[in-house]
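Asks: Data file structure-v9.pdb (PDB, C-alpha atoms) is appended below.
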ATOM      1  CA  MET A   7     -18.497  22.700 -13.359
ATOM      2  CA  ARG A   8     -20.100  20.181 -11.035
ATOM      3  CA  LEU A   9     -21.893  17.217 -12.511
ATOM      4  CA  GLN A  10     -24.494  15.011 -10.894
ATOM      5  CA  GLY A  11     -22.945  12.998  -8.077
ATOM      6  CA  GLY A  12     -20.386  15.664  -7.369
ATOM      7  CA  ALA A  13     -17.901  14.670 -10.047
ATOM      8  CA  ILE A  14     -15.830  17.513 -11.308
ATOM      9  CA  ASP A  15     -15.940  18.087 -15.015
ATOM     10  CA  GLU A  16     -12.258  18.406 -15.615
ATOM     11  CA  PRO A  17      -9.886  15.858 -17.004
ATOM     12  CA  LEU A  18      -8.532  13.472 -14.415
ATOM     13  CA  ILE A  19      -5.145  13.571 -16.055
ATOM     14  CA  THR A  20      -4.120  17.172 -15.857
ATOM     15  CA  GLU A  21      -1.825  18.951 -18.267
ATOM     16  CA  SER A  22       0.888  19.074 -15.643
ATOM     17  CA  ALA A  23       0.545  15.303 -15.135
ATOM     18  CA  ASN A  24       0.734  14.699 -18.871
ATOM     19  CA  ALA A  25       3.877  16.811 -19.009
ATOM     20  CA  LEU A  26       5.624  14.132 -16.919
ATOM     21  CA  VAL A  27       5.062  11.430 -19.542
ATOM     22  CA  GLY A  28       8.318  10.625 -21.281
ATOM     23  CA  VAL A  29      10.475  12.572 -18.835
ATOM     24  CA  GLU A  30      13.416  10.452 -17.679
ATOM     25  CA  THR A  31      15.054  10.727 -14.319
ATOM     26  CA  GLU A  32      18.238   9.134 -13.060
ATOM     27  CA  THR A  33      18.634   7.978  -9.474
ATOM     28  CA  TYR A  34      21.659   6.440  -7.837
ATOM     29  CA  LEU A  35      20.255   3.728  -5.567
ATOM     30  CA  GLY A  36      23.422   2.617  -3.836
ATOM     31  CA  GLU A  37      25.411  -0.546  -3.317
ATOM     32  CA  ILE A  38      23.697  -3.918  -3.123
ATOM     33  CA  ARG A  39      24.718  -5.773   0.014
ATOM     34  CA  LEU A  40      24.744  -9.499   0.572
ATOM     35  CA  ARG A  41      22.942  -9.137   3.886
ATOM     36  CA  ASP A  42      20.109  -7.170   2.253
ATOM     37  CA  CYS A  43      19.742  -9.790  -0.500
ATOM     38  CA  GLN A  44      19.546 -12.505   2.122
ATOM     39  CA  ARG A  45      17.096 -10.559   4.281
ATOM     40  CA  TYR A  46      14.864 -10.141   1.237
ATOM     41  CA  ALA A  47      15.026 -13.875   0.511
ATOM     42  CA  ILE A  48      14.317 -14.707   4.166
ATOM     43  CA  ALA A  49      11.330 -12.351   4.240
ATOM     44  CA  VAL A  50       9.914 -14.105   1.163
ATOM     45  CA  GLY A  51      10.652 -17.487   2.709
ATOM     46  CA  ASP A  52      12.857 -18.369  -0.258
ATOM     47  CA  LEU A  53      15.904 -20.321   0.937
ATOM     48  CA  ASN A  54      17.349 -21.052  -2.503
ATOM     49  CA  PRO A  55      21.118 -21.646  -1.976
ATOM     50  CA  LEU A  56      21.707 -19.293  -4.924
ATOM     51  CA  TYR A  57      21.292 -16.497  -2.377
ATOM     52  CA  PHE A  58      23.163 -18.085   0.550
ATOM     53  CA  ASP A  59      25.815 -20.580  -0.546
ATOM     54  CA  GLU A  60      28.719 -19.241  -2.617
ATOM     55  CA  ASP A  61      30.104 -22.720  -3.356
ATOM     56  CA  TYR A  62      26.758 -23.843  -4.735
ATOM     57  CA  ALA A  63      26.101 -20.599  -6.591
ATOM     58  CA  ARG A  64      29.545 -20.555  -8.237
ATOM     59  CA  THR A  65      28.788 -23.771 -10.079
ATOM     60  CA  SER A  66      25.301 -22.614 -11.099
ATOM     61  CA  ALA A  67      24.387 -20.835 -14.306
ATOM     62  CA  TYR A  68      24.406 -17.588 -12.300
ATOM     63  CA  GLY A  69      28.106 -18.059 -11.502
ATOM     64  CA  GLY A  70      27.920 -16.805  -7.916
ATOM     65  CA  VAL A  71      25.601 -15.563  -5.215
ATOM     66  CA  VAL A  72      23.050 -13.140  -6.611
ATOM     67  CA  ALA A  73      20.203 -10.970  -5.415
ATOM     68  CA  PRO A  74      16.758 -12.538  -5.806
ATOM     69  CA  PRO A  75      15.834 -11.509  -9.375
ATOM     70  CA  ASN A  76      12.830  -9.371  -8.460
ATOM     71  CA  MET A  77      14.400  -7.727  -5.408
ATOM     72  CA  LEU A  78      15.570  -4.475  -7.005
ATOM     73  CA  THR A  79      12.175  -3.723  -8.443
ATOM     74  CA  ALA A  80      10.265  -4.695  -5.283
ATOM     75  CA  ILE A  81      12.035  -2.214  -3.017
ATOM     76  CA  ARG A  82       9.865   0.895  -2.713
ATOM     77  CA  GLY A  83      12.427   3.338  -1.397
ATOM     78  CA  TRP A  84      16.210   3.573  -1.470
ATOM     79  CA  GLY A  85      16.913   6.704   0.542
ATOM     80  CA  ALA A  86      16.512   7.489   4.231
ATOM     81  CA  GLY A  87      12.769   7.795   3.666
ATOM     82  CA  ALA A  88      10.053  10.113   4.896
ATOM     83  CA  ARG A  89       9.415  11.253   8.454
ATOM     84  CA  ASP A  90       6.174  10.028  10.028
ATOM     85  CA  ASP A  91       4.610  13.457   9.547
ATOM     86  CA  ASP A  92       5.290  13.358   5.833
ATOM     87  CA  LEU A  93       3.428  10.101   5.226
ATOM     88  CA  ALA A  94      -0.037  10.209   3.717
ATOM     89  CA  ILE A  95      -2.919   8.730   5.745
ATOM     90  CA  ASP A  96      -2.394   5.348   4.064
ATOM     91  CA  GLY A  97       1.255   5.288   5.054
ATOM     92  CA  VAL A  98       2.509   5.833   1.536
ATOM     93  CA  VAL A  99       4.954   8.552   0.690
ATOM     94  CA  ASP A 100       4.880  10.365  -2.618
ATOM     95  CA  LEU A 101       8.374   9.826  -3.940
ATOM     96  CA  PRO A 102       9.487  12.934  -5.808
ATOM     97  CA  GLU A 103       9.856  10.968  -9.032
ATOM     98  CA  GLU A 104       6.417   9.408  -8.619
ATOM     99  CA  LYS A 105       4.464  12.432  -7.453
ATOM    100  CA  LEU A 106       1.515  12.862  -9.778
ATOM    101  CA  PRO A 107      -0.313  16.176  -9.921
ATOM    102  CA  ILE A 108      -3.751  14.559 -10.089
ATOM    103  CA  ARG A 109      -6.552  14.457  -7.535
ATOM    104  CA  LEU A 110      -6.532  10.681  -7.052
ATOM    105  CA  LYS A 111      -4.107   9.437  -4.430
ATOM    106  CA  ARG A 112      -4.633   5.761  -3.698
ATOM    107  CA  ARG A 113      -2.214   3.453  -5.444
ATOM    108  CA  MET A 114      -2.386  -0.243  -6.140
ATOM    109  CA  ALA A 115       0.432  -2.330  -7.554
ATOM    110  CA  GLY A 116      -0.868  -3.650 -10.868
ATOM    111  CA  GLY A 117       2.070  -5.841 -11.750
ATOM    112  CA  GLN A 118       5.463  -5.809 -13.386
ATOM    113  CA  ASP A 119       7.049  -7.035 -16.594
ATOM    114  CA  LEU A 120      10.690  -7.742 -15.787
ATOM    115  CA  GLN A 121      13.496  -8.578 -18.180
ATOM    116  CA  PHE A 122      16.598  -9.933 -16.498
ATOM    117  CA  HIS A 123      19.542  -9.059 -18.724
ATOM    118  CA  ALA A 124      22.292  -9.917 -16.234
ATOM    119  CA  PRO A 125      22.335 -11.011 -12.591
ATOM    120  CA  VAL A 126      22.412  -8.461  -9.774
ATOM    121  CA  ARG A 127      25.313  -9.283  -7.453
ATOM    122  CA  PRO A 128      26.261  -8.106  -3.984
ATOM    123  CA  GLY A 129      28.661  -5.195  -4.404
ATOM    124  CA  ASP A 130      26.945  -3.865  -7.529
ATOM    125  CA  ARG A 131      26.363  -0.130  -7.391
ATOM    126  CA  ILE A 132      23.015   0.518  -8.989
ATOM    127  CA  THR A 133      21.701   3.444 -10.988
ATOM    128  CA  ARG A 134      18.096   3.554 -12.140
ATOM    129  CA  ARG A 135      16.918   5.489 -15.189
ATOM    130  CA  GLY A 136      13.323   5.721 -16.205
ATOM    131  CA  GLY A 137      10.036   7.484 -16.058
ATOM    132  CA  ILE A 138       6.362   7.431 -16.869
ATOM    133  CA  VAL A 139       5.552   5.883 -20.237
ATOM    134  CA  SER A 140       1.823   6.557 -20.262
ATOM    135  CA  LEU A 141      -1.123   7.740 -18.199
ATOM    136  CA  GLU A 142      -4.554   6.469 -19.176
ATOM    137  CA  GLU A 143      -7.952   7.203 -17.712
ATOM    138  CA  HIS A 144     -10.331   4.268 -17.324
ATOM    139  CA  ALA A 145     -13.918   3.936 -16.184
ATOM    140  CA  GLY A 146     -14.504   1.201 -13.617
ATOM    141  CA  GLN A 147     -17.375  -0.004 -11.436
ATOM    142  CA  SER A 148     -16.303   2.184  -8.536
ATOM    143  CA  GLY A 149     -15.466   5.255 -10.591
ATOM    144  CA  THR A 150     -12.764   6.436 -12.896
ATOM    145  CA  PHE A 151      -9.163   5.564 -12.244
ATOM    146  CA  VAL A 152      -5.815   6.120 -13.870
ATOM    147  CA  ILE A 153      -3.421   3.464 -15.082
ATOM    148  CA  MET A 154       0.170   4.626 -14.959
ATOM    149  CA  LEU A 155       2.803   2.671 -16.849
ATOM    150  CA  ARG A 156       6.429   3.284 -15.864
ATOM    151  CA  GLU A 157       9.586   1.907 -17.352
ATOM    152  CA  ASP A 158      12.785   1.788 -15.340
ATOM    153  CA  ARG A 159      16.159   0.381 -16.281
ATOM    154  CA  TYR A 160      18.699  -0.661 -13.673
ATOM    155  CA  TYR A 161      22.441  -0.468 -14.391
ATOM    156  CA  ASN A 162      25.539  -1.391 -12.432
ATOM    157  CA  GLU A 163      28.633   0.792 -12.075
ATOM    158  CA  ARG A 164      30.005  -0.594 -15.345
ATOM    159  CA  GLU A 165      26.898   0.659 -17.162
ATOM    160  CA  GLU A 166      25.733  -2.896 -17.771
ATOM    161  CA  LEU A 167      21.978  -3.105 -18.084
ATOM    162  CA  LEU A 168      20.756  -5.579 -15.446
ATOM    163  CA  VAL A 169      16.977  -5.308 -15.292
ATOM    164  CA  THR A 170      14.262  -3.573 -17.275
ATOM    165  CA  CYS A 171      10.995  -3.104 -15.401
ATOM    166  CA  ARG A 172       7.681  -2.041 -16.865
ATOM    167  CA  GLU A 173       5.379  -1.486 -13.939
ATOM    168  CA  THR A 174       1.651  -0.846 -13.955
ATOM    169  CA  VAL A 175       0.207   1.210 -11.107
ATOM    170  CA  LEU A 176      -3.502   1.845 -10.579
ATOM    171  CA  VAL A 177      -4.252   5.268  -9.145
ATOM    172  CA  ARG A 178      -7.753   5.628  -7.799
TER     173      ARG A 178
ATOM    174  CA  MET B 268      18.398 -30.837 -10.881
ATOM    175  CA  THR B 269      17.820 -28.628 -13.848
ATOM    176  CA  PRO B 270      15.252 -30.062 -16.247
ATOM    177  CA  CYS B 271      16.450 -30.832 -19.764
ATOM    178  CA  VAL B 272      14.395 -29.502 -22.631
ATOM    179  CA  GLU B 273      14.233 -33.022 -24.080
ATOM    180  CA  ASP B 274      12.153 -34.110 -21.079
ATOM    181  CA  LEU B 275       9.623 -31.297 -21.421
ATOM    182  CA  GLU B 276       6.768 -30.556 -23.738
ATOM    183  CA  VAL B 277       4.180 -27.877 -24.204
ATOM    184  CA  GLY B 278       1.590 -28.333 -21.473
ATOM    185  CA  THR B 279       4.027 -29.827 -18.936
ATOM    186  CA  GLU B 280       3.052 -28.517 -15.510
ATOM    187  CA  LEU B 281       5.680 -26.950 -13.277
ATOM    188  CA  PRO B 282       6.037 -28.264  -9.708
ATOM    189  CA  ALA B 283       3.646 -26.232  -7.570
ATOM    190  CA  LEU B 284       4.897 -24.082  -4.698
ATOM    191  CA  VAL B 285       2.607 -23.642  -1.697
ATOM    192  CA  LYS B 286       3.008 -20.494   0.409
ATOM    193  CA  HIS B 287       1.368 -19.497   3.683
ATOM    194  CA  PRO B 288       1.836 -15.747   4.097
ATOM    195  CA  THR B 289       1.080 -14.665   7.659
ATOM    196  CA  GLN B 290       0.779 -11.211   9.195
ATOM    197  CA  VAL B 291       4.402 -11.587  10.241
ATOM    198  CA  THR B 292       5.424 -12.461   6.675
ATOM    199  CA  LEU B 293       3.681  -9.377   5.343
ATOM    200  CA  PHE B 294       5.137  -7.098   8.000
ATOM    201  CA  ARG B 295       8.656  -8.330   7.316
ATOM    202  CA  TYR B 296       8.220  -8.058   3.537
ATOM    203  CA  SER B 297       7.006  -4.477   3.948
ATOM    204  CA  ALA B 298       9.984  -3.744   6.181
ATOM    205  CA  VAL B 299      12.589  -5.237   3.881
ATOM    206  CA  THR B 300      11.148  -3.393   0.864
ATOM    207  CA  TRP B 301      10.722  -0.105   2.808
ATOM    208  CA  ASN B 302       7.004  -0.106   2.030
ATOM    209  CA  GLY B 303       4.949   1.923   4.493
ATOM    210  CA  HIS B 304       1.555   1.175   2.952
ATOM    211  CA  ARG B 305      -0.762   0.457   5.911
ATOM    212  CA  ILE B 306      -2.991  -1.995   4.037
ATOM    213  CA  HIS B 307      -0.187  -4.552   4.465
ATOM    214  CA  TYR B 308       0.249  -4.409   8.262
ATOM    215  CA  ASP B 309      -2.589  -2.402   9.842
ATOM    216  CA  ARG B 310      -5.763  -4.466   9.783
ATOM    217  CA  ASP B 311      -7.946  -1.668  11.167
ATOM    218  CA  TYR B 312      -6.747   0.660   8.468
ATOM    219  CA  ALA B 313      -7.209  -2.006   5.767
ATOM    220  CA  GLY B 314     -10.827  -2.248   6.978
ATOM    221  CA  THR B 315     -11.380   1.439   6.205
ATOM    222  CA  GLU B 316     -10.487   0.662   2.587
ATOM    223  CA  GLY B 317     -12.964  -2.212   2.586
ATOM    224  CA  TYR B 318     -10.529  -5.105   3.022
ATOM    225  CA  PRO B 319     -11.267  -7.889   5.525
ATOM    226  CA  ASN B 320      -7.595  -8.380   6.446
ATOM    227  CA  VAL B 321      -4.122  -7.119   5.593
ATOM    228  CA  LEU B 322      -3.203  -7.646   1.934
ATOM    229  CA  VAL B 323      -0.384  -9.628   0.403
ATOM    230  CA  GLN B 324       1.863  -7.131  -1.369
ATOM    231  CA  GLY B 325       1.646  -7.185  -5.158
ATOM    232  CA  HIS B 326       5.415  -7.612  -5.322
ATOM    233  CA  LEU B 327       5.272 -10.574  -2.956
ATOM    234  CA  HIS B 328       3.116 -12.395  -5.502
ATOM    235  CA  GLY B 329       5.951 -11.703  -7.945
ATOM    236  CA  ALA B 330       8.493 -12.975  -5.416
ATOM    237  CA  TYR B 331       6.533 -16.214  -4.892
ATOM    238  CA  LEU B 332       6.303 -16.797  -8.640
ATOM    239  CA  THR B 333      10.050 -16.125  -8.885
ATOM    240  CA  GLN B 334      10.685 -18.673  -6.132
ATOM    241  CA  MET B 335       8.554 -21.295  -7.887
ATOM    242  CA  LEU B 336      10.418 -20.775 -11.170
ATOM    243  CA  LEU B 337      13.922 -20.839  -9.658
ATOM    244  CA  ASP B 338      13.094 -23.926  -7.580
ATOM    245  CA  TRP B 339      12.025 -25.630 -10.783
ATOM    246  CA  ILE B 340      14.913 -24.607 -13.061
ATOM    247  CA  GLY B 341      17.605 -25.515 -10.531
ATOM    248  CA  PRO B 342      21.290 -24.562 -10.715
ATOM    249  CA  GLY B 343      21.589 -24.914 -14.498
ATOM    250  CA  GLY B 344      18.689 -22.638 -15.424
ATOM    251  CA  MET B 345      18.239 -18.894 -15.534
ATOM    252  CA  LEU B 346      15.177 -16.710 -15.311
ATOM    253  CA  GLN B 347      15.114 -14.298 -18.231
ATOM    254  CA  ARG B 348      11.714 -12.719 -17.968
ATOM    255  CA  LEU B 349       8.894 -12.535 -15.440
ATOM    256  CA  ALA B 350       5.659 -10.668 -16.017
ATOM    257  CA  TRP B 351       2.628 -10.818 -13.798
ATOM    258  CA  SER B 352      -0.450  -8.768 -13.023
ATOM    259  CA  ASN B 353      -2.338  -8.730  -9.760
ATOM    260  CA  ARG B 354      -5.934  -9.824 -10.331
ATOM    261  CA  ARG B 355      -7.514  -9.983  -6.882
ATOM    262  CA  PRO B 356      -6.280  -9.372  -3.349
ATOM    263  CA  ALA B 357      -4.829 -12.155  -1.245
ATOM    264  CA  TYR B 358      -4.810 -11.784   2.518
ATOM    265  CA  ALA B 359      -2.756 -12.819   5.512
ATOM    266  CA  ALA B 360      -3.536 -16.457   6.438
ATOM    267  CA  ASP B 361      -4.516 -17.337   2.865
ATOM    268  CA  THR B 362      -2.774 -20.286   1.280
ATOM    269  CA  LEU B 363      -1.317 -19.458  -2.127
ATOM    270  CA  TYR B 364      -0.644 -22.171  -4.680
ATOM    271  CA  CYS B 365       1.893 -21.018  -7.273
ATOM    272  CA  ARG B 366       1.578 -22.943 -10.501
ATOM    273  CA  GLY B 367       2.681 -22.898 -14.102
ATOM    274  CA  ARG B 368       2.759 -24.775 -17.341
ATOM    275  CA  ILE B 369       4.966 -24.688 -20.404
ATOM    276  CA  ALA B 370       3.502 -22.723 -23.294
ATOM    277  CA  ARG B 371       6.387 -22.848 -25.781
ATOM    278  CA  LEU B 372       9.805 -24.496 -26.172
ATOM    279  CA  TYR B 373      12.290 -22.989 -28.606
ATOM    280  CA  GLU B 374      15.889 -21.985 -29.277
ATOM    281  CA  ALA B 375      17.107 -18.422 -29.567
ATOM    282  CA  ASN B 376      20.629 -16.985 -29.477
ATOM    283  CA  GLY B 377      21.995 -20.461 -28.862
ATOM    284  CA  GLN B 378      19.857 -20.934 -25.740
ATOM    285  CA  HIS B 379      17.144 -23.444 -24.972
ATOM    286  CA  LEU B 380      14.176 -21.447 -23.763
ATOM    287  CA  ALA B 381      10.767 -22.180 -22.317
ATOM    288  CA  ASP B 382       7.910 -19.700 -22.129
ATOM    289  CA  CYS B 383       5.559 -20.520 -19.279
ATOM    290  CA  GLU B 384       2.150 -19.423 -18.148
ATOM    291  CA  ILE B 385       2.298 -18.776 -14.416
ATOM    292  CA  TRP B 386      -0.236 -17.894 -11.757
ATOM    293  CA  ASP B 387      -1.050 -18.159  -8.093
ATOM    294  CA  GLU B 388      -4.417 -19.051  -6.659
ATOM    295  CA  ASN B 389      -5.856 -18.975  -3.169
ATOM    296  CA  GLN B 390      -7.413 -21.831  -1.191
ATOM    297  CA  ALA B 391     -10.735 -21.196  -2.970
ATOM    298  CA  GLY B 392      -9.080 -21.682  -6.363
ATOM    299  CA  GLU B 393      -9.392 -17.980  -7.226
ATOM    300  CA  ILE B 394      -6.511 -16.600  -9.255
ATOM    301  CA  CYS B 395      -4.759 -13.740  -7.454
ATOM    302  CA  ALA B 396      -1.921 -13.062  -9.906
ATOM    303  CA  ARG B 397      -1.131 -14.377 -13.342
ATOM    304  CA  GLY B 398       1.435 -13.817 -16.026
ATOM    305  CA  THR B 399       4.199 -15.296 -18.130
ATOM    306  CA  ALA B 400       7.862 -16.163 -17.704
ATOM    307  CA  THR B 401      10.784 -17.174 -19.883
ATOM    308  CA  VAL B 402      13.512 -19.452 -18.562
ATOM    309  CA  ALA B 403      16.729 -20.775 -20.078
ATOM    310  CA  LEU B 404      17.217 -24.525 -19.563
ATOM    311  CA  ARG B 405      19.763 -27.243 -20.231
ATOM    312  CA  SER B 406      19.871 -29.561 -23.199
ATOM    313  CA  ARG B 407      21.434 -33.020 -23.364
ATOM    314  CA  ALA B 408      22.588 -32.287 -26.890
TER     315      ALA B 408
END
Would you put the structure from the file into structure tokens?

Replies:
Amino acid sequence: MRLQGGAIDEPLITESANALVGVETETYLGEIRLRDCQRYAIAVGDLNPLYFDEDYARTSAYGGVVAPPNMLTAIRGWGAGARDDDLAIDGVVDLPEEKLPIRLKRRMAGGQDLQFHAPVRPGDRITRRGGIVSLEEHAGQSGTFVIMLREDRYYNEREELLVTCRETVLVR
Amino acid sequence: MTPCVEDLEVGTELPALVKHPTQVTLFRYSAVTWNGHRIHYDRDYAGTEGYPNVLVQGHLHGAYLTQMLLDWIGPGGMLQRLAWSNRRPAYAADTLYCRGRIARLYEANGQHLADCEIWDENQAGEICARGTATVALRSRA
């Protein structure tokens, strides 16, 4: 049924979207490399010797060179990625684990709540487990939007929990 | 130098970090995080979404706040928690002032911890991201 203004009178969060809430997936992300940690730090403009100088880092509380703490959870894709033709108009690709069967497509990073349980070190082989915790519909000035909350946990090859990330994404 | 908890009190301000993200910064951060979102490197496209310039990535705000905290805590400190939410867009060529202040000092699990309020603001004093962090610090005791 069409309402005034062309809005469609059906729930924004479909049943098939709701079915994804609470479903956990596991993804092997690969090995963390020193060069990639340092490239991340360079891109940020963060020249902390904790990321570059093993002698310095060994005597620090971190005990050795580490990845910048928020690096793992800032990287948007870990595989080979999408071909140009598979990108949406805004250049974003719907990752299989993030594909939402709802009619809104634009995403905005809302923020993250990160717990650092143990440092991420070059050579760590990372597995991520997590999924959507909740989907909520909100009414805003420019229309309704959806707030998606995800939780992901990152482990190394020894099954040590390194980082827990609760991420808020606005879908509008 | 890592600050000692004895030298800190609730309300102590953290040393500010000033960042000048440029278009090049944003392009490289998108590249290194494998982020294809055009609003961060394609100004014409960003205009079609109503933005006057390319946007600072939400995660880059988090990275700047991380940098501020690790600069402050030095080699003897560790970052245990970082939470932030993006409040308004920042754009290429903005100046971002990352700031914080201590909200709570306490001991837990044998560690000396400080909870901090953290935020970054642009050159107009508008807050772009804000949140909280917990760091472990040294004690003289």

Asks: Evaluating the PyMOL selection byres ((chain A) within 8 of (chain B)) on the displayed file yields which residues, as a PDB file with C-alpha atoms, in the coordinates of the input?

Replies:
ATOM      1  CA  ASP A  42      20.109  -7.170   2.253  1.00  0.00           C
ATOM      2  CA  ARG A  45      17.096 -10.559   4.281  1.00  0.00           C
ATOM      3  CA  TYR A  46      14.864 -10.141   1.237  1.00  0.00           C
ATOM      4  CA  ALA A  49      11.330 -12.351   4.240  1.00  0.00           C
ATOM      5  CA  VAL A  50       9.914 -14.105   1.163  1.00  0.00           C
ATOM      6  CA  ASP A  52      12.857 -18.369  -0.258  1.00  0.00           C
ATOM      7  CA  ASN A  54      17.349 -21.052  -2.503  1.00  0.00           C
ATOM      8  CA  LEU A  56      21.707 -19.293  -4.924  1.00  0.00           C
ATOM      9  CA  ALA A  63      26.101 -20.599  -6.591  1.00  0.00           C
ATOM     10  CA  THR A  65      28.788 -23.771 -10.079  1.00  0.00           C
ATOM     11  CA  SER A  66      25.301 -22.614 -11.099  1.00  0.00           C
ATOM     12  CA  ALA A  67      24.387 -20.835 -14.306  1.00  0.00           C
ATOM     13  CA  TYR A  68      24.406 -17.588 -12.300  1.00  0.00           C
ATOM     14  CA  PRO A  75      15.834 -11.509  -9.375  1.00  0.00           C
ATOM     15  CA  ASN A  76      12.830  -9.371  -8.460  1.00  0.00           C
ATOM     16  CA  MET A  77      14.400  -7.727  -5.408  1.00  0.00           C
ATOM     17  CA  ALA A  80      10.265  -4.695  -5.283  1.00  0.00           C
ATOM     18  CA  ILE A  81      12.035  -2.214  -3.017  1.00  0.00           C
ATOM     19  CA  ARG A  82       9.865   0.895  -2.713  1.00  0.00           C
ATOM     20  CA  GLY A  83      12.427   3.338  -1.397  1.00  0.00           C
ATOM     21  CA  TRP A  84      16.210   3.573  -1.470  1.00  0.00           C
ATOM     22  CA  ASP A  96      -2.394   5.348   4.064  1.00  0.00           C
ATOM     23  CA  GLY A  97       1.255   5.288   5.054  1.00  0.00           C
ATOM     24  CA  VAL A  98       2.509   5.833   1.536  1.00  0.00           C
ATOM     25  CA  VAL A  99       4.954   8.552   0.690  1.00  0.00           C
ATOM     26  CA  ALA A 115       0.432  -2.330  -7.554  1.00  0.00           C
ATOM     27  CA  GLY A 116      -0.868  -3.650 -10.868  1.00  0.00           C
ATOM     28  CA  GLY A 117       2.070  -5.841 -11.750  1.00  0.00           C
ATOM     29  CA  GLN A 118       5.463  -5.809 -13.386  1.00  0.00           C
ATOM     30  CA  ASP A 119       7.049  -7.035 -16.594  1.00  0.00           C
ATOM     31  CA  LEU A 120      10.690  -7.742 -15.787  1.00  0.00           C
ATOM     32  CA  GLN A 121      13.496  -8.578 -18.180  1.00  0.00           C
ATOM     33  CA  PHE A 122      16.598  -9.933 -16.498  1.00  0.00           C
ATOM     34  CA  HIS A 123      19.542  -9.059 -18.724  1.00  0.00           C
TER      35      HIS A 123
END

Asks: With only C-alpha atoms as the atoms that count, which of A:Pro128, A:Val72, A:Phe58, A:Arg113 lies nearest to Leu40 (chain A)?

Replies: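 Result for the nearest residue to Leu40 (chain A): A:Pro128.
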
Asks: Calculate how many Å separate CA of Tyr308 (chain B) from CA of Thr289 (chain B), rounding to one decimal.

Replies: 10.3 Å

Asks: Taking all atoms listed in the file into account, which of B:Cys365, B:Leu322, B:Ala357, B:Leu281 comes nearest Arg310 (chain B)?

Replies: B:Leu322

Asks: I want to know what sits within 8 Å of Ile138 (chain A), based on all atoms listed in the file, with residues of the same chain fewer than 6 positions away left out; could you give that as an MDAnalysis selection string?

Replies: chainID A and resid 26:30 154:157

Asks: Output the selection as a PDB file, in the coordinates of the input - C-alpha atoms for each residue.

Replies:
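Saved the output as selection-v7.pdb:
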ATOM      1  CA  LEU A  26       5.624  14.132 -16.919  1.00  0.00           C
ATOM      2  CA  VAL A  27       5.062  11.430 -19.542  1.00  0.00           C
ATOM      3  CA  GLY A  28       8.318  10.625 -21.281  1.00  0.00           C
ATOM      4  CA  VAL A  29      10.475  12.572 -18.835  1.00  0.00           C
ATOM      5  CA  GLU A  30      13.416  10.452 -17.679  1.00  0.00           C
ATOM      6  CA  MET A 154       0.170   4.626 -14.959  1.00  0.00           C
ATOM      7  CA  LEU A 155       2.803   2.671 -16.849  1.00  0.00           C
ATOM      8  CA  ARG A 156       6.429   3.284 -15.864  1.00  0.00           C
ATOM      9  CA  GLU A 157       9.586   1.907 -17.352  1.00  0.00           C
TER      10      GLU A 157
END

Asks: Kindly indicate which residue among A:Arg127, A:Leu35, A:Val152, A:Ala86 lies nearest to Glu60 (chain A), using all atoms listed in the file for the distances.

Replies: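 Selected residue with least distance to Glu60 (chain A): A:Arg127.
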
Asks: Quick one: region 321-331 of chain B from the block, N, CA and C atoms, as a PDB file, in the first residue's frame.

Replies:
ATOM      1  N   VAL B 321      35.255  15.676   0.165  1.00  0.00           N
ATOM      2  CA  VAL B 321      35.371  14.268   0.555  1.00  0.00           C
ATOM      3  C   VAL B 321      35.459  14.169   2.080  1.00  0.00           C
ATOM      4  N   LEU B 322      34.873  13.084   2.617  1.00  0.00           N
ATOM      5  CA  LEU B 322      34.709  12.938   4.063  1.00  0.00           C
ATOM      6  C   LEU B 322      35.844  12.151   4.703  1.00  0.00           C
ATOM      7  N   VAL B 323      36.216  12.574   5.879  1.00  0.00           N
ATOM      8  CA  VAL B 323      37.129  11.786   6.716  1.00  0.00           C
ATOM      9  C   VAL B 323      36.401  10.499   7.110  1.00  0.00           C
ATOM     10  N   GLN B 324      37.072   9.368   6.913  1.00  0.00           N
ATOM     11  CA  GLN B 324      36.473   8.083   7.251  1.00  0.00           C
ATOM     12  C   GLN B 324      36.165   8.009   8.753  1.00  0.00           C
ATOM     13  N   GLY B 325      35.036   7.386   9.082  1.00  0.00           N
ATOM     14  CA  GLY B 325      34.697   7.221  10.493  1.00  0.00           C
ATOM     15  C   GLY B 325      35.807   6.520  11.259  1.00  0.00           C
ATOM     16  N   HIS B 326      36.423   5.518  10.617  1.00  0.00           N
ATOM     17  CA  HIS B 326      37.477   4.768  11.310  1.00  0.00           C
ATOM     18  C   HIS B 326      38.749   5.588  11.474  1.00  0.00           C
ATOM     19  N   LEU B 327      38.927   6.590  10.612  1.00  0.00           N
ATOM     20  CA  LEU B 327      40.115   7.438  10.759  1.00  0.00           C
ATOM     21  C   LEU B 327      39.979   8.333  11.999  1.00  0.00           C
ATOM     22  N   HIS B 328      38.751   8.741  12.311  1.00  0.00           N
ATOM     23  CA  HIS B 328      38.558   9.441  13.589  1.00  0.00           C
ATOM     24  C   HIS B 328      39.013   8.527  14.735  1.00  0.00           C
ATOM     25  N   GLY B 329      38.634   7.257  14.646  1.00  0.00           N
ATOM     26  CA  GLY B 329      39.052   6.299  15.678  1.00  0.00           C
ATOM     27  C   GLY B 329      40.563   6.146  15.718  1.00  0.00           C
ATOM     28  N   ALA B 330      41.188   6.156  14.534  1.00  0.00           N
ATOM     29  CA  ALA B 330      42.648   6.012  14.467  1.00  0.00           C
ATOM     30  C   ALA B 330      43.336   7.230  15.079  1.00  0.00           C
ATOM     31  N   TYR B 331      42.799   8.429  14.836  1.00  0.00           N
ATOM     32  CA  TYR B 331      43.383   9.642  15.408  1.00  0.00           C
ATOM     33  C   TYR B 331      43.253   9.637  16.937  1.00  0.00           C
TER      34      TYR B 331
END
